[in-house]
>>> print(open('run.txt').read())   # compact mmCIF, C-alpha atoms
# COMPACT_ATOMS: atom_id res chain seq x y z
CA MET A 16 188.80 116.73 52.07
CA LYS A 17 192.27 115.86 50.76
CA ARG A 18 193.99 114.42 53.79
CA SER A 19 196.02 111.52 55.11
CA ALA A 20 197.00 110.51 58.62
CA PHE A 21 200.39 111.38 59.99
CA VAL A 22 202.39 110.87 63.13
CA PRO A 23 203.53 114.04 64.98
CA GLY A 24 206.78 114.75 65.35
CA VAL A 25 196.58 138.72 80.73
CA LEU A 26 194.42 140.98 79.37
CA SER A 27 190.95 142.34 80.30
CA TRP A 28 187.93 140.78 78.62
CA ALA A 29 186.61 144.32 78.19
CA LEU A 30 188.83 144.44 75.11
CA PHE A 31 187.61 141.15 73.68
CA SER A 32 184.69 139.68 71.74
CA CYS A 33 182.88 140.43 68.53
CA SER A 34 180.42 142.87 70.03
CA GLY A 35 180.79 146.60 70.03
CA GLY A 36 180.36 147.44 73.69
CA GLY A 37 178.07 147.11 76.70
CA SER A 38 178.22 145.16 79.91
CA ASP A 39 177.57 141.71 78.44
CA PRO A 40 179.37 141.00 75.15
CA ALA A 41 177.94 137.45 75.03
CA THR A 42 174.41 138.82 74.99
CA GLU A 43 175.32 141.36 72.34
CA MET A 44 176.86 138.66 70.18
CA ALA A 45 173.72 136.56 70.60
CA HIS A 46 171.79 139.48 69.15
CA GLN A 47 174.08 139.48 66.09
CA HIS A 48 173.51 135.72 65.65
CA GLN A 49 169.80 135.62 66.38
CA GLY A 50 168.26 132.74 64.45
CA ASP A 51 171.70 131.62 63.23
CA ALA A 52 173.14 128.08 63.23
CA PRO A 53 176.69 126.75 62.80
CA VAL A 54 176.10 125.34 59.33
CA ALA A 55 179.10 125.11 57.02
CA THR A 56 179.47 128.12 54.74
CA GLU A 57 181.09 128.15 51.30
CA ALA A 58 184.35 129.06 53.03
CA ALA A 59 184.36 125.84 55.04
CA LEU A 60 183.25 123.68 52.12
CA ALA A 61 186.22 124.58 49.91
CA GLU A 62 188.91 121.94 49.34
CA PRO A 63 192.55 122.52 50.31
CA ALA A 64 194.77 123.53 47.38
CA ALA A 65 197.06 120.55 48.07
CA GLU A 66 196.83 117.29 49.98
CA VAL A 67 197.04 117.76 53.73
CA GLU A 68 197.48 115.53 56.75
CA THR A 69 195.77 116.18 60.05
CA GLN A 70 195.89 115.14 63.67
CA THR A 71 194.43 116.00 67.05
CA VAL A 72 197.32 117.18 69.23
CA ALA A 73 197.85 118.21 72.83
CA TYR A 74 199.41 121.65 72.47
CA ALA A 75 198.91 123.17 75.92
CA THR A 76 198.38 122.50 79.60
CA VAL A 77 196.42 125.19 81.42
CA ASN A 78 195.72 124.95 85.14
CA GLY A 79 196.80 121.33 85.04
CA GLN A 80 194.38 120.41 82.26
CA GLN A 81 195.54 119.30 78.84
CA VAL A 82 194.22 121.25 75.87
CA GLN A 83 193.81 119.58 72.49
CA GLY A 84 193.66 121.24 69.08
CA TYR A 85 193.54 120.27 65.42
CA LEU A 86 196.83 120.38 63.51
CA ALA A 87 197.00 120.35 59.71
CA ARG A 88 200.05 120.47 57.45
CA PRO A 89 200.82 119.76 53.79
CA THR A 90 201.44 116.10 53.06
CA GLY A 91 204.99 115.04 52.26
CA VAL A 92 206.65 118.39 52.90
CA GLU A 93 209.87 118.00 54.85
CA GLY A 94 211.53 120.57 57.08
CA PRO A 95 210.14 123.47 59.13
CA LEU A 96 207.05 125.35 57.99
CA PRO A 97 205.59 128.70 59.03
CA GLY A 98 202.69 128.34 61.43
CA VAL A 99 199.23 129.86 61.79
CA ILE A 100 197.19 129.89 65.00
CA VAL A 101 193.57 129.46 63.87
CA ILE A 102 191.08 130.82 66.44
CA HIS A 103 187.46 129.71 66.31
CA GLU A 104 184.27 131.73 66.29
CA TRP A 105 181.87 131.81 69.24
CA TRP A 106 180.55 128.41 68.11
CA GLY A 107 183.77 126.71 69.22
CA LEU A 108 186.21 124.37 67.51
CA ASN A 109 183.99 122.56 65.04
CA ASP A 110 184.49 120.88 61.65
CA ASN A 111 184.16 124.20 59.84
CA ILE A 112 187.11 125.69 61.71
CA ARG A 113 189.04 122.45 61.13
CA SER A 114 188.38 122.95 57.42
CA MET A 115 189.94 126.41 57.52
CA ALA A 116 193.04 124.95 59.17
CA GLU A 117 193.20 122.37 56.37
CA GLN A 118 192.90 125.08 53.74
CA LEU A 119 195.79 127.01 55.28
CA ALA A 120 197.80 123.80 55.41
CA GLY A 121 197.13 123.38 51.71
CA GLN A 122 198.87 126.72 51.21
CA GLY A 123 202.04 125.49 52.92
CA TYR A 124 201.52 126.18 56.65
CA ARG A 125 201.34 124.20 59.86
CA ALA A 126 197.91 125.37 60.96
CA LEU A 127 196.80 124.77 64.54
CA ALA A 128 193.10 125.26 65.25
CA VAL A 129 193.06 125.99 68.97
CA ASP A 130 190.31 125.18 71.44
CA LEU A 131 189.29 127.98 73.81
CA TYR A 132 186.21 126.08 75.03
CA ARG A 133 188.02 122.94 76.27
CA GLY A 134 186.30 120.41 74.04
CA ALA A 135 182.85 121.98 73.90
CA SER A 136 181.16 123.45 70.85
CA ALA A 137 177.71 124.91 70.23
CA SER A 138 174.86 123.92 67.95
CA THR A 139 172.55 126.81 68.89
CA PRO A 140 173.06 130.51 69.69
CA ASP A 141 172.00 129.87 73.30
CA GLU A 142 174.72 127.24 73.71
CA ALA A 143 177.28 129.51 72.09
CA GLN A 144 176.29 132.39 74.33
CA ASN A 145 176.77 130.24 77.43
CA LEU A 146 180.15 128.97 76.26
CA MET A 147 181.36 132.44 75.44
CA ARG A 148 180.14 133.86 78.75
CA ALA A 149 181.97 131.11 80.64
CA SER A 150 185.16 131.86 78.69
CA MET A 151 184.87 135.55 79.57
CA GLU A 152 185.36 134.60 83.20
CA LYS A 153 188.69 132.91 82.38
CA SER A 154 190.38 135.35 80.01
CA GLY A 155 193.74 134.78 81.67
CA GLU A 156 193.49 131.07 80.97
CA LEU A 157 192.62 131.74 77.34
CA THR A 158 195.64 134.01 76.99
CA GLU A 159 197.86 131.27 78.42
CA ASN A 160 196.22 128.77 76.06
CA LEU A 161 197.19 130.92 73.07
CA LYS A 162 200.70 131.58 74.34
CA GLN A 163 201.28 127.84 74.48
CA ALA A 164 199.80 127.44 70.99
CA TYR A 165 202.46 129.86 69.79
CA ALA A 166 205.19 127.90 71.59
CA TYR A 167 203.93 124.69 69.98
CA LEU A 168 204.06 126.10 66.45
CA SER A 169 207.26 128.11 66.81
CA ASP A 170 209.37 125.20 68.04
CA GLY A 171 212.28 125.32 65.63
CA GLY A 172 212.15 129.05 65.02
CA GLN A 173 209.43 129.21 62.38
CA LYS A 174 207.39 132.34 61.81
CA VAL A 175 203.88 132.26 63.26
CA GLY A 176 200.76 134.25 62.37
CA THR A 177 197.29 134.45 63.89
CA ILE A 178 193.81 134.48 62.39
CA GLY A 179 190.35 134.47 63.91
CA TRP A 180 186.76 135.29 63.06
CA CYS A 181 184.43 137.33 65.27
CA PHE A 182 185.11 136.05 68.83
CA GLY A 183 188.32 134.59 67.39
CA GLY A 184 189.11 137.86 65.62
CA GLY A 185 189.25 139.64 68.93
CA TRP A 186 191.51 136.94 70.30
CA SER A 187 193.74 137.16 67.23
CA LEU A 188 194.45 140.78 68.14
CA GLN A 189 194.83 139.93 71.82
CA THR A 190 197.34 137.18 71.01
CA ALA A 191 199.40 139.76 69.16
CA LEU A 192 199.18 142.11 72.15
CA ALA A 193 200.17 139.30 74.54
CA LEU A 194 203.13 138.23 72.36
CA PRO A 195 204.22 141.38 70.52
CA ALA A 196 207.82 140.27 70.07
CA ASP A 197 206.83 136.84 68.75
CA ILE A 198 203.80 136.98 66.45
CA ASP A 199 204.84 137.76 62.86
CA ALA A 200 201.48 138.59 61.24
CA THR A 201 197.94 139.07 62.53
CA VAL A 202 194.62 138.77 60.70
CA ILE A 203 191.46 140.09 62.36
CA TYR A 204 188.07 139.22 60.92
CA TYR A 205 185.64 141.70 62.56
CA GLY A 206 186.83 141.05 66.11
CA ARG A 207 186.62 143.43 69.05
CA LEU A 208 189.19 146.19 68.59
CA VAL A 209 191.48 148.37 70.69
CA ALA A 210 191.99 152.07 70.00
CA ASP A 211 194.25 152.77 72.98
CA LYS A 212 197.53 153.95 71.47
CA ALA A 213 199.47 152.84 74.53
CA GLU A 214 198.34 149.28 73.84
CA LEU A 215 198.73 149.43 70.08
CA GLU A 216 202.17 151.03 70.29
CA LYS A 217 203.74 147.69 71.22
CA LEU A 218 202.56 145.92 68.04
CA PRO A 219 205.45 145.58 65.57
CA MET A 220 203.89 142.98 63.27
CA PRO A 221 201.85 143.71 60.12
CA ILE A 222 198.09 143.61 60.65
CA LEU A 223 195.27 142.78 58.23
CA GLY A 224 191.78 143.81 59.28
CA ILE A 225 188.59 142.59 57.57
CA PHE A 226 185.27 144.29 58.41
CA GLY A 227 181.73 144.80 57.12
CA ALA A 228 180.21 148.24 56.70
CA GLU A 229 176.80 147.00 57.91
CA ASP A 230 178.14 145.21 61.00
CA GLU A 231 176.38 146.65 64.05
CA GLY A 232 178.51 144.55 66.39
CA ILE A 233 181.74 146.19 65.23
CA PRO A 234 180.61 149.62 64.02
CA VAL A 235 182.56 151.29 61.23
CA GLU A 236 183.35 154.14 63.62
CA SER A 237 185.31 151.79 65.86
CA VAL A 238 187.11 150.33 62.84
CA ARG A 239 188.14 153.78 61.64
CA ALA A 240 189.32 154.72 65.14
CA PHE A 241 191.45 151.57 65.21
CA GLU A 242 192.80 152.30 61.74
CA SER A 243 193.55 155.92 62.60
CA ALA A 244 195.39 154.98 65.79
CA LEU A 245 197.55 152.46 63.92
CA LYS A 246 198.29 154.98 61.18
CA GLU A 247 199.30 157.67 63.65
CA LEU A 248 201.63 155.18 65.30
CA GLY A 249 203.22 154.32 61.95
CA LYS A 250 202.10 150.68 62.06
CA ASN A 251 201.97 148.37 59.06
CA ALA A 252 198.23 147.87 58.89
CA SER A 253 195.86 147.16 56.02
CA ILE A 254 192.20 147.68 56.98
CA HIS A 255 189.41 146.70 54.59
CA VAL A 256 185.74 147.60 55.11
CA TYR A 257 183.39 145.87 52.66
CA GLU A 258 180.37 147.92 51.66
CA GLY A 259 177.09 146.06 52.06
CA ALA A 260 178.70 143.32 54.19
CA ASP A 261 177.07 142.49 57.50
CA HIS A 262 178.30 140.84 60.66
CA ALA A 263 179.99 137.42 60.19
CA PHE A 264 179.92 137.73 56.39
CA ALA A 265 183.01 135.53 55.99
CA ASN A 266 182.55 133.12 58.88
CA PRO A 267 183.24 129.39 58.36
CA SER A 268 179.97 128.70 60.23
CA GLY A 269 176.63 130.44 60.05
CA GLN A 270 173.92 131.83 57.82
CA ASN A 271 175.26 135.36 57.35
CA TYR A 272 177.78 134.39 54.69
CA GLN A 273 178.21 136.71 51.70
CA ALA A 274 180.18 134.99 48.98
CA GLU A 275 181.70 137.89 47.04
CA PRO A 276 183.26 139.89 49.88
CA ALA A 277 184.19 136.69 51.73
CA ALA A 278 186.09 135.34 48.73
CA ASP A 279 187.92 138.63 48.24
CA ALA A 280 188.82 138.79 51.94
CA TRP A 281 190.20 135.23 51.83
CA GLN A 282 192.43 136.04 48.86
CA LYS A 283 193.73 139.08 50.73
CA THR A 284 194.38 136.84 53.74
CA LEU A 285 196.36 134.30 51.74
CA ALA A 286 198.43 137.03 50.05
CA PHE A 287 199.10 138.66 53.42
CA PHE A 288 200.37 135.45 55.00
CA GLU A 289 202.40 134.63 51.89
CA GLU A 290 204.16 137.98 52.10
CA HIS A 291 204.77 138.10 55.84
CA LEU A 292 205.22 134.47 56.87
CA LYS A 293 206.97 133.06 53.81
CA LEU A 294 208.63 135.79 51.77
CA SER A 295 209.90 138.27 54.34
>>> encode(input="run.txt", output="structure tokens")
Amino acid sequence: MKRSAFVPGVLSWALFSCSGGGSDPATEMAHQHQGDAPVATEAALAEPAAEVETQTVAYATVNGQQVQGYLARPTGVEGPLPGVIVIHEWWGLNDNIRSMAEQLAGQGYRALAVDLYRGASASTPDEAQNLMRASMEKSGELTENLKQAYAYLSDGGQKVGTIGWCFGGGWSLQTALALPADIDATVIYYGRLVADKAELEKLPMPILGIFGAEDEGIPVESVRAFESALKELGKNASIHVYEGADHAFANPSGQNYQAEPAADAWQKTLAFFEEHLKLS
């Protein structure tokens, strides 16, 4: 990776997760990841477009406990930069998510990869299932975690967007719902959705949604219901469903990666952030 060291300057879980429904989203997600492993995909192996500098930072204190994340920014760029909250998959904050933060930094952002598992990450689906289930019991703490991530990145008045994959995709949407007046752009990679118009009505920011037509965890029917609700409310939303793409097809970690739709989705993501965090 191109990097150099630098010195730093409550919502219901029933709405969250990558699974499509049922009483235990962690179990349903485990079904989607059966036999999977958090190996680096092509997405995570890509180099940043420019040299970046990285650091582990304390960005939040939740229930008296400090929370650390991974901050990346372009090397040698002075002045304020737009920020992106990068939200990990069910595997946790691992090197593959750190790589995605670095890639966003290479595009000119301060990218903060948050930690919703408080320092833990998984190497097997069973471990990931247990971590996710434990997080489900503390959804209020996770919301506070993400609110403080926003405060960390927005210090100085910069625009801030959110992005997450799967488990993190659901939390990307929930961060927007928790901070509707603050988040400037939201990217959802096949996260759990909300079709309740009363909830969606309060979202003023543009939304980019990335989904797979073969994803049983987030069925196309739920995606279309989400899209229809946003359209009826007059929201600025761009929803893309990739034919032939399965669950987690663009994840930084895992064995479900599909290169062609993942690459197209990433280009759409970069163009979306460029338009709404830099140019508008």
>>> atom_distance(input="run.txt", atom1="atom CA of Ala55 of chain A", atom2="atom CA of Val175 of chain A")
26.5 Å
>>> atom_distance(input="run.txt", atom1="atom CA of Lys212 of chain A", atom2="atom CA of Ala244 of chain A")
6.2 Å
>>> residues_around(input="run.txt", residues="segment 91-102 of chain A", least_positions_apart="3", cutoff="9 Å", atoms="all atoms listed in the file", output="ChimeraX atom specification")
/A:66-68,88,107-108,112-113,115-116,119-120,123-131,161,164-165,168-169,171-180,182-184,186-187,288,292-293
>>> residues_around(input="run.txt", residues="Gly269 of chain A", least_positions_apart="3", cutoff="8 Å", atoms="only C-alpha atoms", output="ChimeraX atom specification")
/A:51-56,263,266,272
>>> atom_distance(input="run.txt", atom1="atom CA of Pro267 of chain A", atom2="atom CA of Ile203 of chain A")
14.1 Å
>>> closest_residue(input="run.txt", among="A:Leu188, A:Ala41, A:Leu157, A:Leu285", to="Ala64 of chain A", atoms="all atoms listed in the file")
A:Leu285
>>> residues_around(input="run.txt", residues="Asn251 of chain A", least_positions_apart="6", cutoff="12 Å", atoms="all atoms listed in the file", output="list in words")
Asp199, Ala200, Thr201, Leu215, Glu216, Leu218, Pro219, Met220, Pro221, Ile222, Leu223, Gly224, Glu242, Ser243, Ala244, Leu245, Phe287 and His291 of chain A
>>> closest_residue(input="run.txt", among="A:Pro40, A:Gly134, A:Pro89, A:Gly206", to="Ala73 of chain A", atoms="all atoms listed in the file")
A:Gly134
>>> residues_around(input="run.txt", residues="Tyr74 of chain A", least_positions_apart="3", cutoff="7 Å", atoms="only C-alpha atoms", output="PyMOL selection string")
chain A and resi 82-84+163-164+167
>>> residues_around(input="run.txt", residues="Ala277 of chain A", least_positions_apart="4", cutoff="10 Å", atoms="all atoms listed in the file", output="ChimeraX atom specification")
/A:57-58,225,257,260,263-267,272-273,281-283
>>> closest_residue(input="run.txt", among="A:His48, A:Ser136, A:Asn271, A:Lys217", to="Gly249 of chain A", atoms="only C-alpha atoms")
A:Lys217
>>> closest_residue(input="run.txt", among="A:Leu294, A:Val256, A:Ala240, A:Ala191", to="Val209 of chain A", atoms="all atoms listed in the file")
A:Ala240
>>> decode(input="run.txt", residues="segment 104-209 of chain A", atoms="C-alpha atoms", output="PDB file, in the first residue's frame")
ATOM      1  CA  GLU A 104     -18.955  -6.056   7.230  1.00  0.00           C
ATOM      2  CA  TRP A 105     -19.995  -8.678   9.771  1.00  0.00           C
ATOM      3  CA  TRP A 106     -16.344  -9.816   9.927  1.00  0.00           C
ATOM      4  CA  GLY A 107     -15.365  -6.650  11.790  1.00  0.00           C
ATOM      5  CA  LEU A 108     -12.700  -4.011  11.247  1.00  0.00           C
ATOM      6  CA  ASN A 109      -9.969  -5.978   9.499  1.00  0.00           C
ATOM      7  CA  ASP A 110      -7.179  -5.169   7.032  1.00  0.00           C
ATOM      8  CA  ASN A 111      -9.560  -5.451   4.087  1.00  0.00           C
ATOM      9  CA  ILE A 112     -11.801  -2.692   5.440  1.00  0.00           C
ATOM     10  CA  ARG A 113      -8.697  -0.638   6.241  1.00  0.00           C
ATOM     11  CA  SER A 114      -7.734  -1.013   2.585  1.00  0.00           C
ATOM     12  CA  MET A 115     -11.070   0.429   1.470  1.00  0.00           C
ATOM     13  CA  ALA A 116     -10.497   3.430   3.741  1.00  0.00           C
ATOM     14  CA  GLU A 117      -7.077   3.886   2.135  1.00  0.00           C
ATOM     15  CA  GLN A 118      -8.592   3.716  -1.338  1.00  0.00           C
ATOM     16  CA  LEU A 119     -11.114   6.418  -0.457  1.00  0.00           C
ATOM     17  CA  ALA A 120      -8.299   8.508   0.997  1.00  0.00           C
ATOM     18  CA  GLY A 121      -6.492   8.143  -2.306  1.00  0.00           C
ATOM     19  CA  GLN A 122      -9.498   9.818  -3.919  1.00  0.00           C
ATOM     20  CA  GLY A 123      -9.173  12.878  -1.673  1.00  0.00           C
ATOM     21  CA  TYR A 124     -11.173  12.052   1.478  1.00  0.00           C
ATOM     22  CA  ARG A 125     -10.523  11.671   5.184  1.00  0.00           C
ATOM     23  CA  ALA A 126     -11.831   8.131   5.545  1.00  0.00           C
ATOM     24  CA  LEU A 127     -12.543   6.762   9.007  1.00  0.00           C
ATOM     25  CA  ALA A 128     -13.056   3.005   9.252  1.00  0.00           C
ATOM     26  CA  VAL A 129     -15.116   2.654  12.416  1.00  0.00           C
ATOM     27  CA  ASP A 130     -15.137  -0.265  14.828  1.00  0.00           C
ATOM     28  CA  LEU A 131     -18.557  -1.539  15.905  1.00  0.00           C
ATOM     29  CA  TYR A 132     -17.083  -4.656  17.549  1.00  0.00           C
ATOM     30  CA  ARG A 133     -14.741  -2.862  19.993  1.00  0.00           C
ATOM     31  CA  GLY A 134     -11.468  -4.325  18.778  1.00  0.00           C
ATOM     32  CA  ALA A 135     -12.682  -7.802  17.837  1.00  0.00           C
ATOM     33  CA  SER A 136     -12.812  -9.288  14.358  1.00  0.00           C
ATOM     34  CA  ALA A 137     -13.737 -12.710  13.027  1.00  0.00           C
ATOM     35  CA  SER A 138     -11.813 -15.347  11.106  1.00  0.00           C
ATOM     36  CA  THR A 139     -14.716 -17.803  10.746  1.00  0.00           C
ATOM     37  CA  PRO A 140     -18.463 -17.462  10.132  1.00  0.00           C
ATOM     38  CA  ASP A 141     -19.160 -18.788  13.639  1.00  0.00           C
ATOM     39  CA  GLU A 142     -17.031 -16.033  15.181  1.00  0.00           C
ATOM     40  CA  ALA A 143     -18.668 -13.413  12.990  1.00  0.00           C
ATOM     41  CA  GLN A 144     -22.115 -14.664  13.915  1.00  0.00           C
ATOM     42  CA  ASN A 145     -21.309 -14.370  17.617  1.00  0.00           C
ATOM     43  CA  LEU A 146     -19.885 -10.869  17.221  1.00  0.00           C
ATOM     44  CA  MET A 147     -22.859  -9.701  15.234  1.00  0.00           C
ATOM     45  CA  ARG A 148     -25.334 -11.217  17.686  1.00  0.00           C
ATOM     46  CA  ALA A 149     -23.596  -9.463  20.581  1.00  0.00           C
ATOM     47  CA  SER A 150     -23.742  -6.155  18.696  1.00  0.00           C
ATOM     48  CA  MET A 151     -27.477  -6.614  18.107  1.00  0.00           C
ATOM     49  CA  GLU A 152     -27.971  -6.380  21.850  1.00  0.00           C
ATOM     50  CA  LYS A 153     -26.282  -2.950  21.939  1.00  0.00           C
ATOM     51  CA  SER A 154     -27.756  -1.149  18.937  1.00  0.00           C
ATOM     52  CA  GLY A 155     -28.038   2.082  20.894  1.00  0.00           C
ATOM     53  CA  GLU A 156     -24.321   1.997  21.625  1.00  0.00           C
ATOM     54  CA  LEU A 157     -23.542   1.394  17.964  1.00  0.00           C
ATOM     55  CA  THR A 158     -25.682   4.369  16.975  1.00  0.00           C
ATOM     56  CA  GLU A 159     -23.799   6.539  19.470  1.00  0.00           C
ATOM     57  CA  ASN A 160     -20.511   5.166  18.122  1.00  0.00           C
ATOM     58  CA  LEU A 161     -21.439   6.307  14.609  1.00  0.00           C
ATOM     59  CA  LYS A 162     -22.722   9.685  15.755  1.00  0.00           C
ATOM     60  CA  GLN A 163     -19.339  10.356  17.327  1.00  0.00           C
ATOM     61  CA  ALA A 164     -17.594   9.172  14.161  1.00  0.00           C
ATOM     62  CA  TYR A 165     -19.534  11.850  12.306  1.00  0.00           C
ATOM     63  CA  ALA A 166     -18.542  14.483  14.881  1.00  0.00           C
ATOM     64  CA  TYR A 167     -14.895  13.444  14.518  1.00  0.00           C
ATOM     65  CA  LEU A 168     -14.895  13.805  10.732  1.00  0.00           C
ATOM     66  CA  SER A 169     -17.063  16.909  10.510  1.00  0.00           C
ATOM     67  CA  ASP A 170     -14.946  18.995  12.874  1.00  0.00           C
ATOM     68  CA  GLY A 171     -14.319  22.089  10.776  1.00  0.00           C
ATOM     69  CA  GLY A 172     -17.537  21.901   8.811  1.00  0.00           C
ATOM     70  CA  GLN A 173     -16.549  19.398   6.134  1.00  0.00           C
ATOM     71  CA  LYS A 174     -19.126  17.321   4.300  1.00  0.00           C
ATOM     72  CA  VAL A 175     -19.394  13.708   5.453  1.00  0.00           C
ATOM     73  CA  GLY A 176     -20.740  10.615   3.691  1.00  0.00           C
ATOM     74  CA  THR A 177     -21.291   7.028   4.800  1.00  0.00           C
ATOM     75  CA  ILE A 178     -20.574   3.682   3.181  1.00  0.00           C
ATOM     76  CA  GLY A 179     -20.940   0.112   4.380  1.00  0.00           C
ATOM     77  CA  TRP A 180     -21.185  -3.424   3.061  1.00  0.00           C
ATOM     78  CA  CYS A 181     -23.766  -5.971   4.196  1.00  0.00           C
ATOM     79  CA  PHE A 182     -23.943  -5.544   8.011  1.00  0.00           C
ATOM     80  CA  GLY A 183     -22.240  -2.185   7.426  1.00  0.00           C
ATOM     81  CA  GLY A 184     -24.646  -1.350   4.606  1.00  0.00           C
ATOM     82  CA  GLY A 185     -27.540  -1.524   7.008  1.00  0.00           C
ATOM     83  CA  TRP A 186     -25.669   0.695   9.426  1.00  0.00           C
ATOM     84  CA  SER A 187     -24.856   3.152   6.645  1.00  0.00           C
ATOM     85  CA  LEU A 188     -28.587   3.686   6.176  1.00  0.00           C
ATOM     86  CA  GLN A 189     -29.192   3.807   9.918  1.00  0.00           C
ATOM     87  CA  THR A 190     -26.478   6.441  10.364  1.00  0.00           C
ATOM     88  CA  ALA A 191     -28.296   8.574   7.812  1.00  0.00           C
ATOM     89  CA  LEU A 192     -31.575   8.049   9.683  1.00  0.00           C
ATOM     90  CA  ALA A 193     -29.915   8.924  13.004  1.00  0.00           C
ATOM     91  CA  LEU A 194     -28.273  12.076  11.575  1.00  0.00           C
ATOM     92  CA  PRO A 195     -30.573  13.223   8.758  1.00  0.00           C
ATOM     93  CA  ALA A 196     -29.568  16.877   8.985  1.00  0.00           C
ATOM     94  CA  ASP A 197     -25.852  16.085   8.997  1.00  0.00           C
ATOM     95  CA  ILE A 198     -24.949  13.250   6.624  1.00  0.00           C
ATOM     96  CA  ASP A 199     -24.401  14.545   3.080  1.00  0.00           C
ATOM     97  CA  ALA A 200     -24.380  11.301   1.059  1.00  0.00           C
ATOM     98  CA  THR A 201     -25.105   7.660   1.854  1.00  0.00           C
ATOM     99  CA  VAL A 202     -23.957   4.500   0.059  1.00  0.00           C
ATOM    100  CA  ILE A 203     -25.622   1.186   0.903  1.00  0.00           C
ATOM    101  CA  TYR A 204     -24.095  -2.053  -0.317  1.00  0.00           C
ATOM    102  CA  TYR A 205     -26.870  -4.674   0.118  1.00  0.00           C
ATOM    103  CA  GLY A 206     -27.656  -3.750   3.725  1.00  0.00           C
ATOM    104  CA  ARG A 207     -30.943  -4.259   5.527  1.00  0.00           C
ATOM    105  CA  LEU A 208     -33.472  -1.737   4.230  1.00  0.00           C
ATOM    106  CA  VAL A 209     -36.401   0.321   5.499  1.00  0.00           C
TER     107      VAL A 209
END
